[in-house]
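J.: Provided herewith: run-v2.csv, CSV, C-alpha atoms.
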chain,number,residue,atom,x,y,z
Y,1,MET,CA,17.5,13.2,-19.9
Y,2,LYS,CA,18.0,9.9,-18.2
Y,3,GLY,CA,16.2,8.8,-15.0
Y,4,HIS,CA,19.3,9.1,-12.8
Y,5,GLU,CA,19.9,12.6,-14.1
Y,6,VAL,CA,16.3,13.6,-13.1
Y,7,ILE,CA,16.9,12.1,-9.7
Y,8,ALA,CA,20.2,14.0,-9.3
Y,9,GLU,CA,18.3,17.3,-10.1
Y,10,LEU,CA,15.7,16.3,-7.5
Y,11,LYS,CA,18.3,16.0,-4.7
Y,12,ALA,CA,18.4,19.7,-3.9
Y,13,LEU,CA,14.7,19.9,-3.6
Y,14,ILE,CA,14.3,17.2,-0.9
Y,15,THR,CA,14.2,18.2,2.7
Y,16,GLU,CA,14.0,16.2,6.0
Y,17,LYS,CA,10.3,16.7,6.0
Y,18,ASP,CA,10.0,14.8,2.7
Y,19,ILE,CA,9.9,11.1,2.4
Y,20,ILE,CA,10.4,9.3,-0.9
Y,21,VAL,CA,8.9,5.9,-1.7
Y,22,SER,CA,10.8,4.4,-4.7
Y,23,CYS,CA,10.1,1.5,-7.0
Y,24,PRO,CA,12.1,-1.7,-7.3
Y,25,GLY,CA,15.1,-1.9,-9.6
Y,26,ASN,CA,17.1,1.1,-10.9
Y,27,ILE,CA,14.9,3.8,-9.3
Y,28,SER,CA,15.3,2.5,-5.7
Y,29,ARG,CA,19.0,2.1,-6.3
Y,30,GLU,CA,19.4,5.6,-7.7
Y,31,VAL,CA,17.4,7.1,-4.9
Y,32,TYR,CA,19.5,5.2,-2.3
Y,33,HIS,CA,22.8,6.4,-3.7
Y,34,MET,CA,21.9,9.9,-4.9
Y,35,ILE,CA,19.5,11.3,-2.3
Y,36,ASP,CA,19.9,11.8,1.5
Y,37,LYS,CA,19.0,8.7,3.5
Y,38,PRO,CA,16.8,7.1,4.7
Y,39,GLN,CA,14.0,6.8,2.2
Y,40,VAL,CA,11.5,4.0,1.6
Y,41,TYR,CA,13.4,1.9,-0.9
Y,42,LEU,CA,11.0,-0.7,-2.1
Y,43,ARG,CA,12.7,-3.8,-3.5
Y,44,GLY,CA,9.7,-6.0,-4.4
Y,45,SER,CA,6.0,-5.4,-4.5
Y,46,MET,CA,6.0,-4.0,-8.1
Y,47,GLY,CA,2.9,-1.9,-8.6
Y,48,LEU,CA,2.4,-1.1,-4.9
Y,49,GLN,CA,4.5,2.1,-4.6
Y,50,ILE,CA,1.5,4.4,-4.8
Y,51,PRO,CA,-0.5,2.5,-2.1
Y,52,VAL,CA,2.6,2.6,0.2
Y,53,GLY,CA,3.0,6.3,-0.3
Y,54,LEU,CA,-0.7,6.9,0.1
Y,55,GLY,CA,-0.7,4.9,3.4
Y,56,ILE,CA,2.1,7.1,4.8
Y,57,ALA,CA,0.6,10.3,3.5
Y,58,LEU,CA,-2.9,9.6,5.0
Y,59,GLU,CA,-1.5,8.5,8.3
Y,60,GLU,CA,1.2,11.2,8.8
Y,61,LYS,CA,0.1,14.6,7.7
Y,62,GLU,CA,3.3,16.2,8.9
Y,63,ARG,CA,5.4,14.5,6.2
Y,64,ASN,CA,5.4,15.2,2.5
Y,65,VAL,CA,5.5,12.0,0.6
Y,66,MET,CA,6.9,11.6,-2.9
Y,67,VAL,CA,6.4,8.3,-4.8
Y,68,ILE,CA,8.9,7.8,-7.7
Y,69,LEU,CA,8.1,5.0,-10.0
Y,70,GLY,CA,8.6,3.8,-13.5
Y,71,ASP,CA,6.0,3.3,-16.2
Y,72,GLY,CA,6.0,-0.5,-15.7
Y,73,SER,CA,5.2,-0.2,-12.0
Y,74,PHE,CA,2.7,2.6,-12.6
Y,75,LEU,CA,0.8,0.5,-15.2
Y,76,MET,CA,0.8,-2.6,-13.0
Y,77,GLY,CA,-0.9,-0.7,-10.1
Y,78,MET,CA,-2.8,1.8,-12.2
Y,79,SER,CA,-6.0,1.7,-10.2
Y,80,SER,CA,-4.1,3.2,-7.3
Y,81,ILE,CA,-3.8,6.6,-9.0
Y,82,VAL,CA,-7.6,6.7,-8.8
Y,83,THR,CA,-7.6,5.8,-5.1
Y,84,ALA,CA,-5.0,8.5,-4.5
Y,85,ALA,CA,-7.1,11.0,-6.5
Y,86,PHE,CA,-10.2,10.0,-4.5
Y,87,TYR,CA,-8.6,10.8,-1.2
Y,88,GLN,CA,-6.5,13.8,-2.5
Y,89,PRO,CA,-3.9,13.8,0.3
Y,90,THR,CA,-2.4,17.3,0.0
Y,91,ASN,CA,1.0,15.8,1.1
Y,92,LEU,CA,1.3,13.2,-1.7
Y,93,LYS,CA,3.2,13.7,-4.9
Y,94,ILE,CA,3.7,11.1,-7.7
Y,95,LEU,CA,6.6,11.2,-10.1
Y,96,ILE,CA,6.4,8.8,-13.0
Y,97,LEU,CA,9.7,8.3,-14.9
Y,98,ASP,CA,8.6,6.8,-18.2
Y,99,ASN,CA,11.1,5.2,-20.6
Y,100,ALA,CA,8.5,2.9,-22.1
Y,101,LYS,CA,10.6,0.0,-20.9
Y,102,TYR,CA,11.0,-2.6,-18.2
Y,103,PHE,CA,14.5,-1.3,-18.0
Y,104,THR,CA,15.8,-3.1,-14.9
Y,105,THR,CA,15.0,-6.5,-16.4
Y,106,GLY,CA,16.8,-5.8,-19.7
Y,107,GLY,CA,14.8,-3.1,-21.6
Y,108,GLN,CA,11.8,-5.0,-22.7
Y,109,ALA,CA,9.0,-2.8,-23.9
Y,110,THR,CA,6.0,-1.8,-21.8
Y,111,THR,CA,2.7,-0.7,-23.2
Y,112,SER,CA,2.9,2.9,-21.8
Y,113,SER,CA,3.1,4.5,-25.2
Y,114,ALA,CA,-0.6,3.6,-25.7
Y,115,LEU,CA,-1.5,6.0,-22.9
Y,116,ASP,CA,-1.9,9.8,-23.5
Y,117,PHE,CA,-0.9,10.8,-20.0
Y,118,SER,CA,-1.9,14.5,-20.5
Y,119,ASN,CA,-5.4,13.5,-21.4
Y,120,PHE,CA,-5.6,10.8,-18.7
Y,121,PHE,CA,-4.5,13.4,-16.1
Y,122,LYS,CA,-7.1,15.8,-17.3
Y,123,ALA,CA,-9.8,13.3,-16.3
Y,124,LEU,CA,-8.2,12.8,-12.9
Y,125,ASN,CA,-8.9,14.8,-9.8
Y,126,ALA,CA,-5.5,16.4,-8.8
Y,127,SER,CA,-4.3,19.8,-7.9
Y,128,PHE,CA,-1.2,19.7,-10.1
Y,129,LYS,CA,-0.8,17.4,-13.1
Y,130,LYS,CA,1.7,17.6,-15.9
Y,131,SER,CA,3.2,15.3,-18.6
Y,132,SER,CA,6.3,16.4,-20.5
Y,133,LYS,CA,9.6,15.3,-21.8
Y,134,ALA,CA,12.5,15.5,-19.4
Y,135,GLU,CA,14.7,18.1,-21.0
Y,136,GLU,CA,17.8,19.8,-19.4
Y,137,SER,CA,16.5,23.2,-20.3
Y,138,THR,CA,13.2,22.7,-18.5
Y,139,ILE,CA,13.8,20.1,-15.8
Y,140,LYS,CA,14.6,22.6,-13.0
Y,141,GLN,CA,11.4,24.5,-13.6
Y,142,ASP,CA,9.3,21.3,-14.0
Y,143,LEU,CA,10.6,19.8,-10.7
Y,144,ALA,CA,10.3,23.1,-8.9
Y,145,GLU,CA,6.7,23.6,-9.9
Y,146,PHE,CA,5.9,20.0,-9.0
Y,147,THR,CA,7.6,20.0,-5.6
Y,148,LYS,CA,6.2,23.4,-4.7
Y,149,ALA,CA,2.7,22.5,-5.8
Y,150,LYS,CA,0.0,22.8,-3.1
Y,151,GLY,CA,-2.0,19.6,-2.9
Y,152,PHE,CA,-2.0,16.2,-4.6
Y,153,ALA,CA,0.4,16.5,-7.6
Y,154,ILE,CA,1.4,14.2,-10.4
Y,155,LEU,CA,4.3,14.7,-12.8
Y,156,HIS,CA,4.9,12.3,-15.7
Y,157,LEU,CA,8.3,12.7,-17.4
Y,158,LEU,CA,9.3,10.9,-20.6
Y,159,ILE,CA,13.0,9.9,-20.1
Y,160,GLU,CA,15.7,8.4,-22.2
Y,161,THR,CA,17.0,4.9,-21.3
Y,162,GLY,CA,20.3,4.7,-19.7
Y,163,LYS,CA,21.6,3.9,-16.2
Y,164,LYS,CA,24.4,4.7,-13.9
Y,165,GLU,CA,26.4,1.7,-12.6
Y,166,LEU,CA,25.5,1.6,-8.9
Y,167,ALA,CA,26.0,-1.0,-6.2
Y,168,ASN,CA,22.9,-2.7,-4.9
Y,169,ILE,CA,21.2,-1.3,-1.9
Y,170,SER,CA,23.2,-2.5,1.1
Y,171,TRP,CA,20.5,-2.1,3.7
Y,172,HIS,CA,18.3,-5.2,4.3
Y,173,PRO,CA,14.6,-4.3,4.0
Y,174,GLU,CA,14.2,-4.7,7.8
Y,175,GLU,CA,16.9,-2.1,8.3
Y,176,ILE,CA,15.2,0.2,5.7
Y,177,ALA,CA,12.0,-0.1,7.7
Y,178,ASN,CA,13.6,0.5,11.1
Y,179,ARG,CA,15.5,3.6,9.9
Y,180,ILE,CA,12.3,5.0,8.4
Y,181,LYS,CA,10.3,4.3,11.5
Y,182,GLN,CA,12.9,6.2,13.6
Y,183,THR,CA,12.2,9.3,11.5
Y,184,PHE,CA,8.6,9.4,12.8
K,1,MET,CA,-27.4,-19.6,16.3
K,2,SER,CA,-25.4,-17.2,18.4
K,3,ASP,CA,-25.7,-13.5,17.8
K,4,LEU,CA,-23.2,-11.7,15.6
K,5,ILE,CA,-20.2,-9.9,17.1
K,6,SER,CA,-21.6,-6.4,17.7
K,7,PRO,CA,-20.1,-4.0,15.1
K,8,SER,CA,-19.6,-1.3,17.8
K,9,SER,CA,-17.8,-3.8,20.1
K,10,PHE,CA,-15.7,-5.0,17.2
K,11,LEU,CA,-14.6,-1.5,16.2
K,12,ASN,CA,-14.0,-0.4,19.8
K,13,PHE,CA,-11.8,-3.5,20.3
K,14,LEU,CA,-9.7,-2.6,17.3
K,15,GLU,CA,-9.3,0.9,18.5
K,16,ASP,CA,-8.4,-0.2,21.9
K,17,LYS,CA,-5.7,-2.4,20.3
K,18,ASN,CA,-4.2,0.8,18.7
K,19,PHE,CA,-5.4,0.2,15.1
K,20,SER,CA,-5.8,3.7,13.6
K,21,THR,CA,-6.8,2.7,10.0
K,22,ILE,CA,-8.9,0.1,8.2
K,23,THR,CA,-8.8,-0.5,4.5
K,24,GLY,CA,-9.9,-3.2,2.1
K,25,VAL,CA,-12.2,-4.6,-0.5
K,26,PRO,CA,-15.7,-5.6,0.8
K,27,CYS,CA,-17.4,-8.9,1.3
K,28,SER,CA,-21.0,-9.4,2.1
K,29,TYR,CA,-19.8,-11.4,5.1
K,30,PHE,CA,-18.6,-8.1,6.6
K,31,LYS,CA,-21.7,-6.1,5.5
K,32,ASP,CA,-23.2,-5.3,8.9
K,33,PHE,CA,-19.8,-4.2,10.3
K,34,LEU,CA,-19.0,-2.1,7.2
K,35,VAL,CA,-22.5,-0.4,7.2
K,36,TYR,CA,-21.9,0.4,10.9
K,37,LEU,CA,-18.4,1.8,10.1
K,38,ALA,CA,-19.8,4.0,7.3
K,39,SER,CA,-22.5,5.3,9.6
K,40,ILE,CA,-20.1,6.5,12.3
K,41,GLU,CA,-17.2,7.6,10.0
K,42,GLU,CA,-17.6,11.2,11.2
K,43,GLU,CA,-17.3,10.4,14.9
K,44,THR,CA,-14.8,7.5,15.1
K,45,PRO,CA,-11.0,8.1,15.2
K,46,MET,CA,-10.6,5.0,13.0
K,47,LYS,CA,-9.7,6.1,9.4
K,48,HIS,CA,-11.3,4.1,6.7
K,49,PHE,CA,-9.9,3.9,3.1
K,50,ILE,CA,-11.6,2.1,0.2
K,51,ALA,CA,-9.2,0.1,-1.9
K,52,THR,CA,-9.5,-1.0,-5.5
K,53,ARG,CA,-7.6,-4.2,-5.0
K,54,GLU,CA,-6.6,-6.4,-2.1
K,55,ASP,CA,-2.9,-5.9,-2.7
K,56,GLU,CA,-3.4,-2.1,-2.8
K,57,ALA,CA,-5.0,-2.4,0.6
K,58,VAL,CA,-1.9,-4.4,1.9
K,59,GLY,CA,0.2,-1.6,0.3
K,60,ILE,CA,-1.7,1.1,2.2
K,61,ALA,CA,-1.5,-0.8,5.4
K,62,SER,CA,2.3,-1.2,4.8
K,63,GLY,CA,2.5,2.6,4.4
K,64,VAL,CA,0.7,3.0,7.7
K,65,ALA,CA,3.1,0.6,9.4
K,66,PHE,CA,6.1,2.5,8.0
K,67,ALA,CA,4.6,5.5,9.7
K,68,THR,CA,4.7,3.4,12.9
K,69,LYS,CA,0.9,3.0,13.1
K,70,ARG,CA,-1.3,-0.1,12.7
K,71,ALA,CA,-3.9,-0.9,10.0
K,72,VAL,CA,-6.5,-3.6,9.5
K,73,VAL,CA,-7.1,-5.0,6.0
K,74,TYR,CA,-10.3,-6.7,5.1
K,75,LEU,CA,-10.8,-8.9,2.0
K,76,GLN,CA,-12.6,-11.9,0.6
K,77,ASN,CA,-10.5,-15.0,0.5
K,78,SER,CA,-10.9,-14.8,-3.3
K,79,GLY,CA,-8.5,-11.8,-2.9
K,80,LEU,CA,-5.9,-14.0,-1.2
K,81,GLY,CA,-4.6,-14.8,-4.7
K,82,ASN,CA,-4.0,-11.1,-5.2
K,83,ILE,CA,-1.9,-10.5,-2.1
K,84,GLY,CA,0.9,-13.1,-2.4
K,85,ASP,CA,3.5,-10.6,-3.6
K,86,ALA,CA,2.3,-7.8,-1.4
K,87,LEU,CA,2.9,-10.1,1.6
K,88,THR,CA,6.1,-11.8,0.7
K,89,SER,CA,8.0,-9.0,-0.9
K,90,LEU,CA,6.6,-6.1,1.1
K,91,ALA,CA,4.8,-6.6,4.4
K,92,GLN,CA,6.6,-9.8,5.5
K,93,LEU,CA,10.0,-8.7,4.0
K,94,TYR,CA,10.0,-5.3,5.6
K,95,LYS,CA,8.4,-6.5,8.9
K,96,LEU,CA,5.3,-4.5,8.7
K,97,PRO,CA,2.6,-5.7,11.1
K,98,MET,CA,-1.1,-5.7,10.1
K,99,LEU,CA,-4.3,-7.6,10.8
K,100,LEU,CA,-6.0,-9.3,7.9
K,101,LEU,CA,-9.7,-10.0,8.1
K,102,ILE,CA,-10.4,-12.6,5.5
K,103,SER,CA,-13.9,-13.8,4.8
K,104,TYR,CA,-14.0,-17.6,4.6
K,105,ARG,CA,-16.1,-18.3,1.5
K,106,GLY,CA,-16.4,-21.5,-0.5
K,107,LEU,CA,-17.3,-23.7,2.4
K,108,LEU,CA,-20.2,-26.1,2.1
K,109,PRO,CA,-23.2,-23.7,2.2
K,110,ASP,CA,-21.6,-21.8,-0.6
K,111,LYS,CA,-21.8,-24.5,-3.1
K,112,ASP,CA,-24.1,-22.3,-5.2
K,113,TYR,CA,-21.1,-19.9,-5.7
K,114,PRO,CA,-18.6,-22.0,-7.6
K,115,GLU,CA,-16.2,-19.0,-8.0
K,116,HIS,CA,-15.3,-19.5,-4.3
K,117,SER,CA,-15.1,-23.3,-4.2
K,118,ILE,CA,-11.4,-23.8,-5.0
K,119,MET,CA,-10.1,-20.9,-2.9
K,120,GLY,CA,-12.3,-22.0,-0.1
K,121,GLU,CA,-10.7,-25.4,-0.2
K,122,VAL,CA,-7.2,-24.1,-0.2
K,123,SER,CA,-7.3,-20.9,1.8
K,124,GLU,CA,-5.7,-22.4,4.9
K,125,ALA,CA,-3.1,-24.2,2.9
K,126,PHE,CA,-2.4,-20.9,1.1
K,127,LEU,CA,-1.9,-19.0,4.4
K,128,LYS,CA,0.3,-21.8,5.7
K,129,ALA,CA,2.4,-21.8,2.5
K,130,LEU,CA,2.9,-18.1,2.9
K,131,LYS,CA,3.7,-18.5,6.6
K,132,VAL,CA,0.9,-16.2,7.7
K,133,PRO,CA,-0.3,-17.2,11.2
K,134,TYR,CA,-4.1,-17.4,11.2
K,135,TRP,CA,-7.1,-18.1,13.5
K,136,ASN,CA,-10.7,-18.9,12.8
K,137,LEU,CA,-12.7,-16.1,14.3
K,138,THR,CA,-15.9,-17.3,16.1
K,139,VAL,CA,-18.6,-15.4,17.9
K,140,ASP,CA,-17.8,-17.3,21.1
K,141,ASN,CA,-14.5,-16.1,22.5
K,142,TRP,CA,-13.9,-13.6,19.7
K,143,GLY,CA,-12.0,-11.2,22.0
K,144,LYS,CA,-9.7,-13.9,23.2
K,145,ILE,CA,-9.0,-15.1,19.7
K,146,MET,CA,-8.3,-11.5,18.5
K,147,THR,CA,-6.1,-10.7,21.4
K,148,GLU,CA,-4.0,-13.8,20.7
K,149,ALA,CA,-3.7,-12.9,17.0
K,150,ILE,CA,-2.7,-9.3,17.7
K,151,GLU,CA,-0.2,-10.4,20.3
K,152,ARG,CA,1.4,-12.7,17.7
K,153,MET,CA,1.3,-9.9,15.1
K,154,GLU,CA,3.3,-7.7,17.5
K,155,LYS,CA,5.7,-10.4,18.4
K,156,ILE,CA,6.6,-11.4,14.8
K,157,ASN,CA,6.2,-7.9,13.4
K,158,SER,CA,4.4,-9.2,10.4
K,159,PRO,CA,0.8,-9.7,9.1
K,160,VAL,CA,-1.5,-12.2,10.8
K,161,ALA,CA,-4.9,-13.3,9.6
K,162,LEU,CA,-8.4,-14.0,10.9
K,163,LEU,CA,-10.6,-16.3,8.7
K,164,ILE,CA,-14.2,-15.2,9.2
K,165,GLU,CA,-17.2,-17.3,8.2
K,166,LYS,CA,-20.7,-16.1,7.5
K,167,GLY,CA,-22.6,-15.3,10.7
K,168,VAL,CA,-19.8,-13.8,12.6
K,169,LEU,CA,-19.7,-10.2,11.4
K,170,SER,CA,-22.9,-10.3,9.2
K,171,GLN,CA,-25.7,-12.8,8.5
For this file, produce the structure as structure tokens.
T.:
Amino acid sequence: MKGHEVIAELKALITEKDIIVSCPGNISREVYHMIDKPQVYLRGSMGLQIPVGLGIALEEKERNVMVILGDGSFLMGMSSIVTAAFYQPTNLKILILDNAKYFTTGGQATTSSALDFSNFFKALNASFKKSSKAEESTIKQDLAEFTKAKGFAILHLLIETGKKELANISWHPEEIANRIKQTF
Amino acid sequence: MSDLISPSSFLNFLEDKNFSTITGVPCSYFKDFLVYLASIEEETPMKHFIATREDEAVGIASGVAFATKRAVVYLQNSGLGNIGDALTSLAQLYKLPMLLLISYRGLLPDKDYPEHSIMGEVSEAFLKALKVPYWNLTVDNWGKIMTEAIERMEKINSPVALLIEKGVLSQ
């Protein structure tokens, strides 16, 4: 499956109590167009999606935070998964959509294929952790298990490359922040 | 030499100014304050989160600001080089206020530590280039300096910085 197809499947599982932090490029754009608004659409700050989600989750226990990021952004800020595992916020979930590419910038390779995510997660303190291929036959179950998991959860999905043509995010970052703040 | 800013007064001041969280990467210049903070972690309402990198700390503080609260970030000025993007494409772009406590290393007495020399020389120019308002925090008038910095932070809805030399928060 492609990343936008996974995000489309996710739509039905997101409630008003949830808050998504998405990573710059295609993922933020897909979340903006395909999931109810507002969410924290990050445009810059590659590698900092997990810290932003962690900051919200640690500060506001009443909200469930889901960080959605690509493999490039995950690798850039990789030490933050350790920080998140250290604090174990029960209201934080991390979804990594891995196409082994910097897809937004033209499909250049990342180094993610060198990492055995299953084994890496085994060594990491988390309530739920799974690495699998995003398949149409199993995606509903994978996302349901992940979103319903109690406690700090990580799901890594290997996805196919391919994007949906979507307009850029029309809200200015200040508007994104203002709309998010109003939900608290 | 004047006494240090008392760690308890410093923490109380931050709490009175509605900071709910502090996060960062340590510097020996903050040692006394951080030792005190660790010693009262159970009692104080201030939440403290250890970061692996300075930009991660700015990211956490940004999350706190999205949740309409206020965070303090502490770092060495060596870490300034790590937070350029976190400031310009996140905290400043999305208008997320936070208070940066930056140790001011690489000044003359530090000549034995060459790793701080160049950043010490350019720290203020760096903050100016990134348009981050900053103040030099001194033991004398520290409350007044911090009040001014925090008022500016609220006014511009963006990060402001305090440069902190040795002998202010730790010997």
J.: Please list as a list of chain:residue names every residue within 10 Å of Gln182 (chain Y), counting only C-alpha atoms and excluding residues in the same chain fewer than 2 positions away.
T.: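 That gives Y:Pro38, Y:Ala177, Y:Asn178, Y:Arg179, Y:Ile180, Y:Phe184, K:Phe66, K:Ala67, K:Thr68.
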J.: Go ahead and save the picked residues with C-alpha atoms, as a PDB file, in the coordinates of the input.
T.:
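The result, stored in result_3.pdb:
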ATOM      1  CA  PRO Y  38      16.800   7.100   4.700  1.00  0.00           C
ATOM      2  CA  ALA Y 177      12.000  -0.100   7.700  1.00  0.00           C
ATOM      3  CA  ASN Y 178      13.600   0.500  11.100  1.00  0.00           C
ATOM      4  CA  ARG Y 179      15.500   3.600   9.900  1.00  0.00           C
ATOM      5  CA  ILE Y 180      12.300   5.000   8.400  1.00  0.00           C
ATOM      6  CA  PHE Y 184       8.600   9.400  12.800  1.00  0.00           C
TER       7      PHE Y 184
ATOM      8  CA  PHE K  66       6.100   2.500   8.000  1.00  0.00           C
ATOM      9  CA  ALA K  67       4.600   5.500   9.700  1.00  0.00           C
ATOM     10  CA  THR K  68       4.700   3.400  12.900  1.00  0.00           C
TER      11      THR K  68
END
J.: Can you work out which one of K:Glu54, K:Glu124, K:Glu148, K:Glu165 has the shortest atom-to-atom distance to chain Y, counting all atoms listed in the file?
T.: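 Closest candidate: K:Glu54.
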J.: What separation in Å, quoted to one decimal, exists between CA of Leu162 (chain K) and CA of Trp135 (chain K)?
T.: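 CA of Leu162 (chain K) sits 5.0 Å away from CA of Trp135 (chain K).
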J.: Return the neighbours of chain Y among the residues of chain K, cut-off 12 Å, counting all atoms listed in the file, as a ChimeraX atom specification.
T.: /K:19-24,45-72,82-97,157-158
J.: Smallest atom-to-atom distance to Thr161 (chain Y): which of Y:Tyr32, Y:Tyr102, Y:Phe146, Y:Phe74, using only C-alpha atoms?
T.: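 Of Y:Tyr32, Y:Tyr102, Y:Phe146, Y:Phe74, the one nearest Thr161 (chain Y), counting only C-alpha atoms, is Y:Tyr102.
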J.: Just the number, please: distance in Å from CA of Phe117 (chain Y) to CA of Lys130 (chain Y), one decimal.
T.: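 Computing the Euclidean distance for CA of Phe117 (chain Y) and CA of Lys130 (chain Y) yields 8.4 Å.
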J.: Would you fill out region 144-151 of chain K with all heavy atoms and return it as a PDB file, in the coordinates of the input?
T.:
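Result file follows (out.pdb):
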ATOM      1  N   LYS K 144     -10.873 -13.097  22.856  1.00  0.00           N
ATOM      2  CA  LYS K 144      -9.700 -13.900  23.200  1.00  0.00           C
ATOM      3  C   LYS K 144      -8.894 -14.258  21.972  1.00  0.00           C
ATOM      4  O   LYS K 144      -7.667 -14.160  21.941  1.00  0.00           O
ATOM      5  CB  LYS K 144     -10.165 -15.131  23.979  1.00  0.00           C
ATOM      6  CG  LYS K 144      -9.097 -15.900  24.661  1.00  0.00           C
ATOM      7  CD  LYS K 144      -9.722 -16.950  25.606  1.00  0.00           C
ATOM      8  CE  LYS K 144      -8.686 -17.969  26.028  1.00  0.00           C
ATOM      9  NZ  LYS K 144      -8.646 -19.156  25.170  1.00  0.00           N
ATOM     10  N   ILE K 145      -9.642 -14.666  20.933  1.00  0.00           N
ATOM     11  CA  ILE K 145      -9.000 -15.100  19.700  1.00  0.00           C
ATOM     12  C   ILE K 145      -8.237 -13.873  19.074  1.00  0.00           C
ATOM     13  O   ILE K 145      -7.077 -13.979  18.648  1.00  0.00           O
ATOM     14  CB  ILE K 145     -10.020 -15.618  18.671  1.00  0.00           C
ATOM     15  CG1 ILE K 145     -10.673 -16.899  19.222  1.00  0.00           C
ATOM     16  CG2 ILE K 145      -9.382 -15.880  17.308  1.00  0.00           C
ATOM     17  CD1 ILE K 145     -11.947 -17.324  18.504  1.00  0.00           C
ATOM     18  N   MET K 146      -8.903 -12.721  19.072  1.00  0.00           N
ATOM     19  CA  MET K 146      -8.300 -11.500  18.500  1.00  0.00           C
ATOM     20  C   MET K 146      -7.077 -11.064  19.269  1.00  0.00           C
ATOM     21  O   MET K 146      -6.066 -10.643  18.700  1.00  0.00           O
ATOM     22  CB  MET K 146      -9.299 -10.433  18.289  1.00  0.00           C
ATOM     23  CG  MET K 146     -10.251 -10.782  17.151  1.00  0.00           C
ATOM     24  SD  MET K 146     -11.493  -9.540  16.829  1.00  0.00           S
ATOM     25  CE  MET K 146     -10.529  -8.158  16.323  1.00  0.00           C
ATOM     26  N   THR K 147      -7.195 -11.142  20.585  1.00  0.00           N
ATOM     27  CA  THR K 147      -6.100 -10.700  21.400  1.00  0.00           C
ATOM     28  C   THR K 147      -4.847 -11.601  21.127  1.00  0.00           C
ATOM     29  O   THR K 147      -3.728 -11.101  20.966  1.00  0.00           O
ATOM     30  CB  THR K 147      -6.446 -10.856  22.923  1.00  0.00           C
ATOM     31  OG1 THR K 147      -7.570 -10.001  23.147  1.00  0.00           O
ATOM     32  CG2 THR K 147      -5.302 -10.454  23.833  1.00  0.00           C
ATOM     33  N   GLU K 148      -5.096 -12.894  21.005  1.00  0.00           N
ATOM     34  CA  GLU K 148      -4.000 -13.800  20.700  1.00  0.00           C
ATOM     35  C   GLU K 148      -3.364 -13.492  19.347  1.00  0.00           C
ATOM     36  O   GLU K 148      -2.138 -13.457  19.200  1.00  0.00           O
ATOM     37  CB  GLU K 148      -4.537 -15.256  20.738  1.00  0.00           C
ATOM     38  CG  GLU K 148      -3.459 -16.302  20.841  1.00  0.00           C
ATOM     39  CD  GLU K 148      -4.039 -17.714  20.814  1.00  0.00           C
ATOM     40  OE1 GLU K 148      -5.102 -17.947  21.426  1.00  0.00           O
ATOM     41  OE2 GLU K 148      -3.430 -18.581  20.161  1.00  0.00           O
ATOM     42  N   ALA K 149      -4.227 -13.245  18.352  1.00  0.00           N
ATOM     43  CA  ALA K 149      -3.700 -12.900  17.000  1.00  0.00           C
ATOM     44  C   ALA K 149      -2.904 -11.654  16.999  1.00  0.00           C
ATOM     45  O   ALA K 149      -1.824 -11.580  16.393  1.00  0.00           O
ATOM     46  CB  ALA K 149      -4.906 -12.830  16.025  1.00  0.00           C
ATOM     47  N   ILE K 150      -3.406 -10.645  17.692  1.00  0.00           N
ATOM     48  CA  ILE K 150      -2.700  -9.300  17.700  1.00  0.00           C
ATOM     49  C   ILE K 150      -1.414  -9.420  18.473  1.00  0.00           C
ATOM     50  O   ILE K 150      -0.410  -8.818  18.089  1.00  0.00           O
ATOM     51  CB  ILE K 150      -3.682  -8.247  18.246  1.00  0.00           C
ATOM     52  CG1 ILE K 150      -4.842  -8.043  17.254  1.00  0.00           C
ATOM     53  CG2 ILE K 150      -2.941  -6.925  18.478  1.00  0.00           C
ATOM     54  CD1 ILE K 150      -6.062  -7.332  17.842  1.00  0.00           C
ATOM     55  N   GLU K 151      -1.412 -10.202  19.554  1.00  0.00           N
ATOM     56  CA  GLU K 151      -0.200 -10.400  20.300  1.00  0.00           C
ATOM     57  C   GLU K 151       0.903 -11.057  19.403  1.00  0.00           C
ATOM     58  O   GLU K 151       2.071 -10.675  19.412  1.00  0.00           O
ATOM     59  CB  GLU K 151      -0.396 -11.230  21.553  1.00  0.00           C
ATOM     60  CG  GLU K 151      -0.944 -10.374  22.698  1.00  0.00           C
ATOM     61  CD  GLU K 151      -1.375 -11.199  23.920  1.00  0.00           C
ATOM     62  OE1 GLU K 151      -1.164 -12.441  23.940  1.00  0.00           O
ATOM     63  OE2 GLU K 151      -1.937 -10.583  24.838  1.00  0.00           O
TER      64      GLU K 151
END
